[in-house]
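start-v4.pdb (PDB, C-alpha atoms)
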ATOM      1  CA  MET A   1      21.588  51.994  -2.688  1.00  0.00           C
ATOM      2  CA  ARG A   2      20.770  48.713  -4.468  1.00  0.00           C
ATOM      3  CA  ARG A   3      21.242  46.763  -1.257  1.00  0.00           C
ATOM      4  CA  GLN A   4      18.862  49.130   0.556  1.00  0.00           C
ATOM      5  CA  HIS A   5      16.278  48.686  -2.207  1.00  0.00           C
ATOM      6  CA  ILE A   6      16.457  44.899  -1.997  1.00  0.00           C
ATOM      7  CA  GLY A   7      16.184  45.181   1.759  1.00  0.00           C
ATOM      8  CA  TRP A   8      12.991  47.179   1.258  1.00  0.00           C
ATOM      9  CA  VAL A   9      11.624  44.478  -1.030  1.00  0.00           C
ATOM     10  CA  ALA A  10      12.479  41.829   1.571  1.00  0.00           C
ATOM     11  CA  GLY A  11      10.801  43.901   4.246  1.00  0.00           C
ATOM     12  CA  ALA A  12       7.715  44.277   2.090  1.00  0.00           C
ATOM     13  CA  ALA A  13       7.602  40.517   1.575  1.00  0.00           C
ATOM     14  CA  ALA A  14       7.789  39.944   5.312  1.00  0.00           C
ATOM     15  CA  ALA A  15       5.030  42.483   5.868  1.00  0.00           C
ATOM     16  CA  VAL A  16       2.801  40.653   3.393  1.00  0.00           C
ATOM     17  CA  LEU A  17       3.382  37.382   5.229  1.00  0.00           C
ATOM     18  CA  VAL A  18       2.503  38.949   8.568  1.00  0.00           C
ATOM     19  CA  ALA A  19      -0.591  40.638   7.149  1.00  0.00           C
ATOM     20  CA  ALA A  20      -1.957  37.576   5.346  1.00  0.00           C
ATOM     21  CA  GLY A  21      -4.063  36.337   8.217  1.00  0.00           C
ATOM     22  CA  ALA A  22      -5.498  39.768   8.891  1.00  0.00           C
ATOM     23  CA  ILE A  23      -6.409  40.280   5.220  1.00  0.00           C
ATOM     24  CA  THR A  24      -8.042  36.860   4.952  1.00  0.00           C
ATOM     25  CA  TYR A  25     -10.024  37.585   8.102  1.00  0.00           C
ATOM     26  CA  ALA A  26     -11.059  40.948   6.662  1.00  0.00           C
ATOM     27  CA  VAL A  27     -12.335  39.252   3.510  1.00  0.00           C
ATOM     28  CA  ALA A  28     -14.298  36.827   5.642  1.00  0.00           C
ATOM     29  CA  GLU A  29     -15.827  39.741   7.514  1.00  0.00           C
ATOM     30  CA  GLU A  30     -16.613  41.622   4.326  1.00  0.00           C
ATOM     31  CA  THR A  31     -18.043  38.742   2.279  1.00  0.00           C
ATOM     32  CA  GLY A  32     -18.867  36.093   4.861  1.00  0.00           C
ATOM     33  CA  GLY A  33     -21.598  33.488   4.775  1.00  0.00           C
ATOM     34  CA  SER A  34     -24.625  34.075   2.579  1.00  0.00           C
ATOM     35  CA  ASP A  35     -24.089  37.825   2.529  1.00  0.00           C
ATOM     36  CA  PRO A  36     -25.308  39.217  -0.825  1.00  0.00           C
ATOM     37  CA  LYS A  37     -21.907  40.874  -1.260  1.00  0.00           C
ATOM     38  CA  THR A  38     -20.266  37.470  -1.765  1.00  0.00           C
ATOM     39  CA  PRO A  39     -18.851  37.503  -5.313  1.00  0.00           C
ATOM     40  CA  SER A  40     -20.273  35.265  -8.025  1.00  0.00           C
ATOM     41  CA  ALA A  41     -18.210  32.820 -10.085  1.00  0.00           C
ATOM     42  CA  GLU A  42     -18.365  35.231 -13.049  1.00  0.00           C
ATOM     43  CA  SER A  43     -17.344  38.304 -11.037  1.00  0.00           C
ATOM     44  CA  ALA A  44     -14.133  40.250 -11.457  1.00  0.00           C
ATOM     45  CA  ASP A  45     -13.259  39.357  -7.868  1.00  0.00           C
ATOM     46  CA  ALA A  46     -13.370  35.621  -8.597  1.00  0.00           C
ATOM     47  CA  GLY A  47     -11.792  35.964 -12.035  1.00  0.00           C
ATOM     48  CA  PHE A  48      -8.868  37.955 -10.681  1.00  0.00           C
ATOM     49  CA  ALA A  49      -8.342  35.490  -7.830  1.00  0.00           C
ATOM     50  CA  ARG A  50      -8.284  32.530 -10.228  1.00  0.00           C
ATOM     51  CA  ASP A  51      -6.092  34.137 -12.886  1.00  0.00           C
ATOM     52  CA  MET A  52      -3.607  35.799 -10.571  1.00  0.00           C
ATOM     53  CA  ALA A  53      -3.148  32.548  -8.650  1.00  0.00           C
ATOM     54  CA  VAL A  54      -2.037  30.904 -11.915  1.00  0.00           C
ATOM     55  CA  HIS A  55       0.098  33.898 -12.874  1.00  0.00           C
ATOM     56  CA  HIS A  56       1.789  33.954  -9.457  1.00  0.00           C
ATOM     57  CA  GLN A  57       2.511  30.229  -9.578  1.00  0.00           C
ATOM     58  CA  GLN A  58       4.713  30.693 -12.630  1.00  0.00           C
ATOM     59  CA  ALA A  59       6.643  33.533 -10.968  1.00  0.00           C
ATOM     60  CA  VAL A  60       7.352  31.207  -8.035  1.00  0.00           C
ATOM     61  CA  GLU A  61       8.495  28.490 -10.443  1.00  0.00           C
ATOM     62  CA  MET A  62      10.845  30.818 -12.344  1.00  0.00           C
ATOM     63  CA  SER A  63      12.308  32.156  -9.119  1.00  0.00           C
ATOM     64  CA  TYR A  64      13.151  28.704  -7.813  1.00  0.00           C
ATOM     65  CA  ILE A  65      14.704  27.781 -11.171  1.00  0.00           C
ATOM     66  CA  VAL A  66      17.093  30.755 -11.174  1.00  0.00           C
ATOM     67  CA  ARG A  67      17.953  30.299  -7.516  1.00  0.00           C
ATOM     68  CA  ASP A  68      19.614  27.025  -8.480  1.00  0.00           C
ATOM     69  CA  ARG A  69      21.246  28.411 -11.648  1.00  0.00           C
ATOM     70  CA  THR A  70      23.299  31.262 -10.163  1.00  0.00           C
ATOM     71  CA  LYS A  71      25.398  32.021  -7.112  1.00  0.00           C
ATOM     72  CA  ASP A  72      24.834  35.770  -7.369  1.00  0.00           C
ATOM     73  CA  GLU A  73      23.433  36.807  -3.998  1.00  0.00           C
ATOM     74  CA  GLU A  74      21.591  39.847  -5.345  1.00  0.00           C
ATOM     75  CA  VAL A  75      19.596  37.809  -7.867  1.00  0.00           C
ATOM     76  CA  ARG A  76      19.044  34.933  -5.442  1.00  0.00           C
ATOM     77  CA  ARG A  77      17.741  37.332  -2.786  1.00  0.00           C
ATOM     78  CA  LEU A  78      15.344  38.986  -5.238  1.00  0.00           C
ATOM     79  CA  ALA A  79      14.153  35.598  -6.494  1.00  0.00           C
ATOM     80  CA  TYR A  80      13.555  34.422  -2.925  1.00  0.00           C
ATOM     81  CA  ASP A  81      11.571  37.556  -2.083  1.00  0.00           C
ATOM     82  CA  ILE A  82       9.411  37.229  -5.207  1.00  0.00           C
ATOM     83  CA  ALA A  83       8.811  33.516  -4.599  1.00  0.00           C
ATOM     84  CA  GLN A  84       7.825  34.002  -0.965  1.00  0.00           C
ATOM     85  CA  THR A  85       5.588  37.004  -1.591  1.00  0.00           C
ATOM     86  CA  GLN A  86       3.776  35.550  -4.574  1.00  0.00           C
ATOM     87  CA  ALA A  87       3.367  32.078  -3.057  1.00  0.00           C
ATOM     88  CA  ASN A  88       1.755  33.690  -0.023  1.00  0.00           C
ATOM     89  CA  GLN A  89      -0.517  35.905  -2.113  1.00  0.00           C
ATOM     90  CA  ARG A  90      -1.486  32.887  -4.224  1.00  0.00           C
ATOM     91  CA  GLY A  91      -2.549  31.059  -1.086  1.00  0.00           C
ATOM     92  CA  MET A  92      -4.673  34.042  -0.077  1.00  0.00           C
ATOM     93  CA  LEU A  93      -6.363  34.231  -3.476  1.00  0.00           C
ATOM     94  CA  LEU A  94      -7.205  30.524  -3.487  1.00  0.00           C
ATOM     95  CA  GLY A  95      -8.342  30.786   0.127  1.00  0.00           C
ATOM     96  CA  TRP A  96     -10.790  33.526  -0.807  1.00  0.00           C
ATOM     97  CA  LEU A  97     -12.272  31.333  -3.530  1.00  0.00           C
ATOM     98  CA  ASP A  98     -12.773  28.617  -0.909  1.00  0.00           C
ATOM     99  CA  LEU A  99     -14.317  31.180   1.418  1.00  0.00           C
ATOM    100  CA  TRP A 100     -16.746  32.222  -1.306  1.00  0.00           C
ATOM    101  CA  ASN A 101     -17.495  28.568  -2.209  1.00  0.00           C
ATOM    102  CA  LEU A 102     -16.392  29.250  -5.790  1.00  0.00           C
ATOM    103  CA  PRO A 103     -14.474  26.972  -8.194  1.00  0.00           C
ATOM    104  CA  LYS A 104     -10.743  27.532  -8.663  1.00  0.00           C
ATOM    105  CA  VAL A 105     -11.006  26.912 -12.409  1.00  0.00           C
ATOM    106  CA  SER A 106     -13.319  28.294 -15.070  1.00  0.00           C
ATOM    107  CA  ALA A 107     -14.420  27.136 -18.520  1.00  0.00           C
ATOM    108  CA  ASP A 108     -13.977  30.726 -19.731  1.00  0.00           C
ATOM    109  CA  PRO A 109     -10.626  31.856 -21.146  1.00  0.00           C
ATOM    110  CA  PRO A 110      -8.280  33.704 -18.744  1.00  0.00           C
ATOM    111  CA  MET A 111      -8.978  37.416 -18.326  1.00  0.00           C
ATOM    112  CA  THR A 112     -12.599  37.068 -19.486  1.00  0.00           C
ATOM    113  CA  TRP A 113     -13.524  39.033 -16.353  1.00  0.00           C
ATOM    114  CA  MET A 114     -11.552  41.961 -17.829  1.00  0.00           C
ATOM    115  CA  GLY A 115     -13.282  41.674 -21.183  1.00  0.00           C
ATOM    116  CA  MET A 116     -10.010  40.376 -22.640  1.00  0.00           C
ATOM    117  CA  GLY A 117     -10.640  36.657 -22.911  1.00  0.00           C
ATOM    118  CA  GLY A 118      -8.947  36.449 -26.293  1.00  0.00           C
ATOM    119  CA  MET A 119      -5.875  38.500 -25.384  1.00  0.00           C
ATOM    120  CA  ALA A 120      -3.521  35.542 -24.870  1.00  0.00           C
ATOM    121  CA  SER A 121      -3.520  32.540 -27.166  1.00  0.00           C
ATOM    122  CA  GLY A 122      -2.259  30.124 -24.523  1.00  0.00           C
ATOM    123  CA  LYS A 123       0.287  28.904 -27.058  1.00  0.00           C
ATOM    124  CA  ASP A 124       3.211  27.002 -25.535  1.00  0.00           C
ATOM    125  CA  GLY A 125       1.880  27.490 -22.008  1.00  0.00           C
ATOM    126  CA  ALA A 126       1.663  31.303 -21.989  1.00  0.00           C
ATOM    127  CA  LEU A 127      -1.895  31.481 -20.664  1.00  0.00           C
ATOM    128  CA  MET A 128      -1.892  35.227 -19.932  1.00  0.00           C
ATOM    129  CA  PRO A 129       0.075  38.316 -21.035  1.00  0.00           C
ATOM    130  CA  GLY A 130       3.508  38.441 -19.475  1.00  0.00           C
ATOM    131  CA  MET A 131       3.694  34.722 -18.789  1.00  0.00           C
ATOM    132  CA  ALA A 132       6.739  32.827 -20.022  1.00  0.00           C
ATOM    133  CA  THR A 133       6.265  30.007 -22.527  1.00  0.00           C
ATOM    134  CA  ASN A 134       7.180  26.419 -21.736  1.00  0.00           C
ATOM    135  CA  THR A 135      10.106  26.802 -24.137  1.00  0.00           C
ATOM    136  CA  GLU A 136      11.373  29.850 -22.232  1.00  0.00           C
ATOM    137  CA  LEU A 137      11.097  28.054 -18.895  1.00  0.00           C
ATOM    138  CA  LYS A 138      13.086  25.148 -20.313  1.00  0.00           C
ATOM    139  CA  LYS A 139      15.711  27.570 -21.613  1.00  0.00           C
ATOM    140  CA  LEU A 140      15.988  29.270 -18.209  1.00  0.00           C
ATOM    141  CA  GLY A 141      16.656  25.883 -16.644  1.00  0.00           C
ATOM    142  CA  SER A 142      19.445  25.237 -19.146  1.00  0.00           C
ATOM    143  CA  LEU A 143      21.356  28.473 -18.493  1.00  0.00           C
ATOM    144  CA  SER A 144      23.696  29.313 -15.649  1.00  0.00           C
ATOM    145  CA  GLY A 145      25.533  32.245 -14.131  1.00  0.00           C
ATOM    146  CA  LYS A 146      25.184  35.636 -15.791  1.00  0.00           C
ATOM    147  CA  GLN A 147      23.138  34.271 -18.709  1.00  0.00           C
ATOM    148  CA  ALA A 148      20.572  32.785 -16.326  1.00  0.00           C
ATOM    149  CA  GLU A 149      20.458  36.014 -14.324  1.00  0.00           C
ATOM    150  CA  ILE A 150      19.778  38.159 -17.397  1.00  0.00           C
ATOM    151  CA  PHE A 151      17.135  35.837 -18.821  1.00  0.00           C
ATOM    152  CA  TYR A 152      15.362  35.556 -15.458  1.00  0.00           C
ATOM    153  CA  LEU A 153      15.315  39.335 -15.008  1.00  0.00           C
ATOM    154  CA  GLN A 154      13.941  39.769 -18.537  1.00  0.00           C
ATOM    155  CA  LEU A 155      11.277  37.098 -18.066  1.00  0.00           C
ATOM    156  CA  MET A 156      10.279  38.454 -14.659  1.00  0.00           C
ATOM    157  CA  THR A 157      10.074  42.011 -15.976  1.00  0.00           C
ATOM    158  CA  ASP A 158       7.623  40.842 -18.661  1.00  0.00           C
ATOM    159  CA  HIS A 159       5.791  38.779 -16.061  1.00  0.00           C
ATOM    160  CA  HIS A 160       5.420  41.743 -13.700  1.00  0.00           C
ATOM    161  CA  LYS A 161       4.128  43.956 -16.521  1.00  0.00           C
ATOM    162  CA  GLY A 162       1.406  41.419 -17.262  1.00  0.00           C
ATOM    163  CA  GLY A 163       0.646  41.071 -13.560  1.00  0.00           C
ATOM    164  CA  ILE A 164       0.350  44.823 -13.114  1.00  0.00           C
ATOM    165  CA  HIS A 165      -2.108  44.993 -16.018  1.00  0.00           C
ATOM    166  CA  MET A 166      -4.323  42.382 -14.348  1.00  0.00           C
ATOM    167  CA  ALA A 167      -4.013  43.918 -10.891  1.00  0.00           C
ATOM    168  CA  GLU A 168      -5.020  47.302 -12.296  1.00  0.00           C
ATOM    169  CA  GLY A 169      -8.061  45.554 -13.792  1.00  0.00           C
ATOM    170  CA  CYS A 170      -9.036  44.331 -10.341  1.00  0.00           C
ATOM    171  CA  VAL A 171      -8.533  47.774  -8.828  1.00  0.00           C
ATOM    172  CA  ALA A 172     -10.995  49.077 -11.416  1.00  0.00           C
ATOM    173  CA  LYS A 173     -13.504  46.216 -11.454  1.00  0.00           C
ATOM    174  CA  CYS A 174     -13.366  44.222  -8.206  1.00  0.00           C
ATOM    175  CA  THR A 175     -15.965  44.968  -5.522  1.00  0.00           C
ATOM    176  CA  VAL A 176     -14.363  43.429  -2.417  1.00  0.00           C
ATOM    177  CA  GLY A 177     -12.457  46.252  -0.758  1.00  0.00           C
ATOM    178  CA  VAL A 178      -9.598  44.225   0.690  1.00  0.00           C
ATOM    179  CA  GLU A 179      -9.045  42.463  -2.624  1.00  0.00           C
ATOM    180  CA  LYS A 180      -8.873  45.808  -4.423  1.00  0.00           C
ATOM    181  CA  ARG A 181      -6.323  47.000  -1.859  1.00  0.00           C
ATOM    182  CA  LEU A 182      -4.244  43.854  -2.280  1.00  0.00           C
ATOM    183  CA  ALA A 183      -4.322  44.371  -6.055  1.00  0.00           C
ATOM    184  CA  GLN A 184      -3.132  47.956  -5.655  1.00  0.00           C
ATOM    185  CA  GLY A 185      -0.351  46.704  -3.401  1.00  0.00           C
ATOM    186  CA  MET A 186       0.694  44.291  -6.153  1.00  0.00           C
ATOM    187  CA  VAL A 187       0.821  47.159  -8.654  1.00  0.00           C
ATOM    188  CA  ASP A 188       3.021  49.259  -6.383  1.00  0.00           C
ATOM    189  CA  ALA A 189       5.386  46.452  -5.353  1.00  0.00           C
ATOM    190  CA  GLN A 190       5.825  44.998  -8.827  1.00  0.00           C
ATOM    191  CA  GLN A 191       6.438  48.408 -10.372  1.00  0.00           C
ATOM    192  CA  SER A 192       9.173  48.969  -7.803  1.00  0.00           C
ATOM    193  CA  GLU A 193      10.673  45.576  -8.646  1.00  0.00           C
ATOM    194  CA  ILE A 194      10.591  46.362 -12.382  1.00  0.00           C
ATOM    195  CA  GLU A 195      12.681  49.472 -11.679  1.00  0.00           C
ATOM    196  CA  LEU A 196      15.047  47.425  -9.531  1.00  0.00           C
ATOM    197  CA  MET A 197      15.417  44.763 -12.227  1.00  0.00           C
ATOM    198  CA  ALA A 198      16.105  47.409 -14.881  1.00  0.00           C
ATOM    199  CA  GLY A 199      19.104  48.518 -12.845  1.00  0.00           C
ATOM    200  CA  MET A 200      20.253  44.932 -12.343  1.00  0.00           C
ATOM    201  CA  LEU A 201      19.990  44.272 -16.085  1.00  0.00           C
ATOM    202  CA  LYS A 202      21.969  47.416 -16.863  1.00  0.00           C
ATOM    203  CA  GLU A 203      24.733  46.276 -14.515  1.00  0.00           C
ATOM    204  CA  ARG A 204      24.923  43.077 -16.561  1.00  0.00           C
ATOM    205  CA  GLY A 205      25.055  44.872 -19.916  1.00  0.00           C
ATOM    206  CA  ALA A 206      21.473  44.028 -20.839  1.00  0.00           C
ATOM    207  CA  GLN A 207      17.986  45.504 -20.805  1.00  0.00           C
ATOM    208  CA  ALA A 208      14.346  44.460 -20.697  1.00  0.00           C
ATOM    209  CA  ARG A 209      13.000  42.813 -23.830  1.00  0.00           C
ATOM    210  CA  SER A 210      10.208  45.349 -24.295  1.00  0.00           C
TER     211      SER A 210
END
Could you spell out this file's structure in structure tokens?
Amino acid sequence: MRRQHIGWVAGAAAAVLVAAGAITYAVAEETGGSDPKTPSAESADAGFARDMAVHHQQAVEMSYIVRDRTKDEEVRRLAYDIAQTQANQRGMLLGWLDLWNLPKVSADPPMTWMGMGGMASGKDGALMPGMATNTELKKLGSLSGKQAEIFYLQLMTDHHKGGIHMAEGCVAKCTVGVEKRLAQGMVDAQQSEIELMAGMLKERGAQARS
């Protein structure tokens, strides 16, 4: 059953890669040129694209760290799927900002577009809820085998929970239809992965941190 679930996740990742061009084209069609529907720099659409690109980058980083710290095929396969999916989505988000001629960084705190600019302190590199600290990333890189697997699954579970919260914010506040649909897809896929990781943690005698 677990193998089938991971296969589904891998299939979903492949589907995202195949669909990337079509989604980017759809955004261009929906918000192209000087169309008044093009989001502003302060919009939820732009804020989500900027923040989720940063959030996704850390998930990619963590996944590549654990890939080199364990030989467990189940964890390595999950990490590969997460890295590929989120790296591709990050490219799409940054591409949309280019398409809209908007900056990729903002002077406002992360999640300001959600009305939650003060939610994360940014202490030790954790710029948004769910993000691992620099200390935790260093610790992950120092572990190996089962210990690395457990810590990665715990960190990624927290990371997904934070990502889902942001994606739900975009579903509620974004105005670009294809971006809202991508955000909903993130919610669905990451919730499924949280359930998968809970089972993987249980098999290793552990559980999520919160």
Q.
Just to confirm, what's the straight-line distance from atom CA of A:Arg50 to atom CA of A:Ile150 in Å (one decimal)?
A.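 Distance between the two atoms: 29.5 Å.
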Q) How far is it from atom CA of A:Val105 to atom CA of A:Gln190, in Å with one decimal? A) 25.0 Å
Give me, as a Markdown table, each residue of stretch 141-209 of chain A that comes within 12 Å of stretch 116-120 of chain A, together with its shortest interatomic pair and the distance in Å at one decimal, counting all atoms listed in the file, with rows ordered by chain and rising residue number.
| residue | atom | partner | partner_atom | distance |
| --- | --- | --- | --- | --- |
| A:Gly162 | CA | A:Ala120 | CA | 10.8 |
| A:His165 | CA | A:Met116 | CA | 11.3 |
| A:Met166 | CA | A:Met116 | CA | 10.3 |
| A:Gly169 | CA | A:Met116 | CA | 10.4 |
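In this model, the gap between atom CA of A:Thr135 and atom CA of A:Leu155 comes to 12.0 Å.
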Q | From A:Leu102, A:Val75, A:Leu94, A:Ala107, residue lying nearest A:Leu201 [all atoms listed in the file] | A | A:Val75
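Taken over the whole file, the PyMOL selection byres ((chain A and resi 42) around 10) covers exactly Pro39, Ser40, Ala41, Ser43, Ala44, Asp45, Ala46, Gly47, Leu102, Ser106, Asp108, Thr112 and Trp113 of chain A.
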Q) Nearest to A:Lys138 among A:Val176, A:Ile164, A:Val66, A:Met111, with distances taken over only C-alpha atoms: which residue is it? A)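 Between A:Val176, A:Ile164, A:Val66, A:Met111, the residue approaching A:Lys138 most closely is A:Val66.
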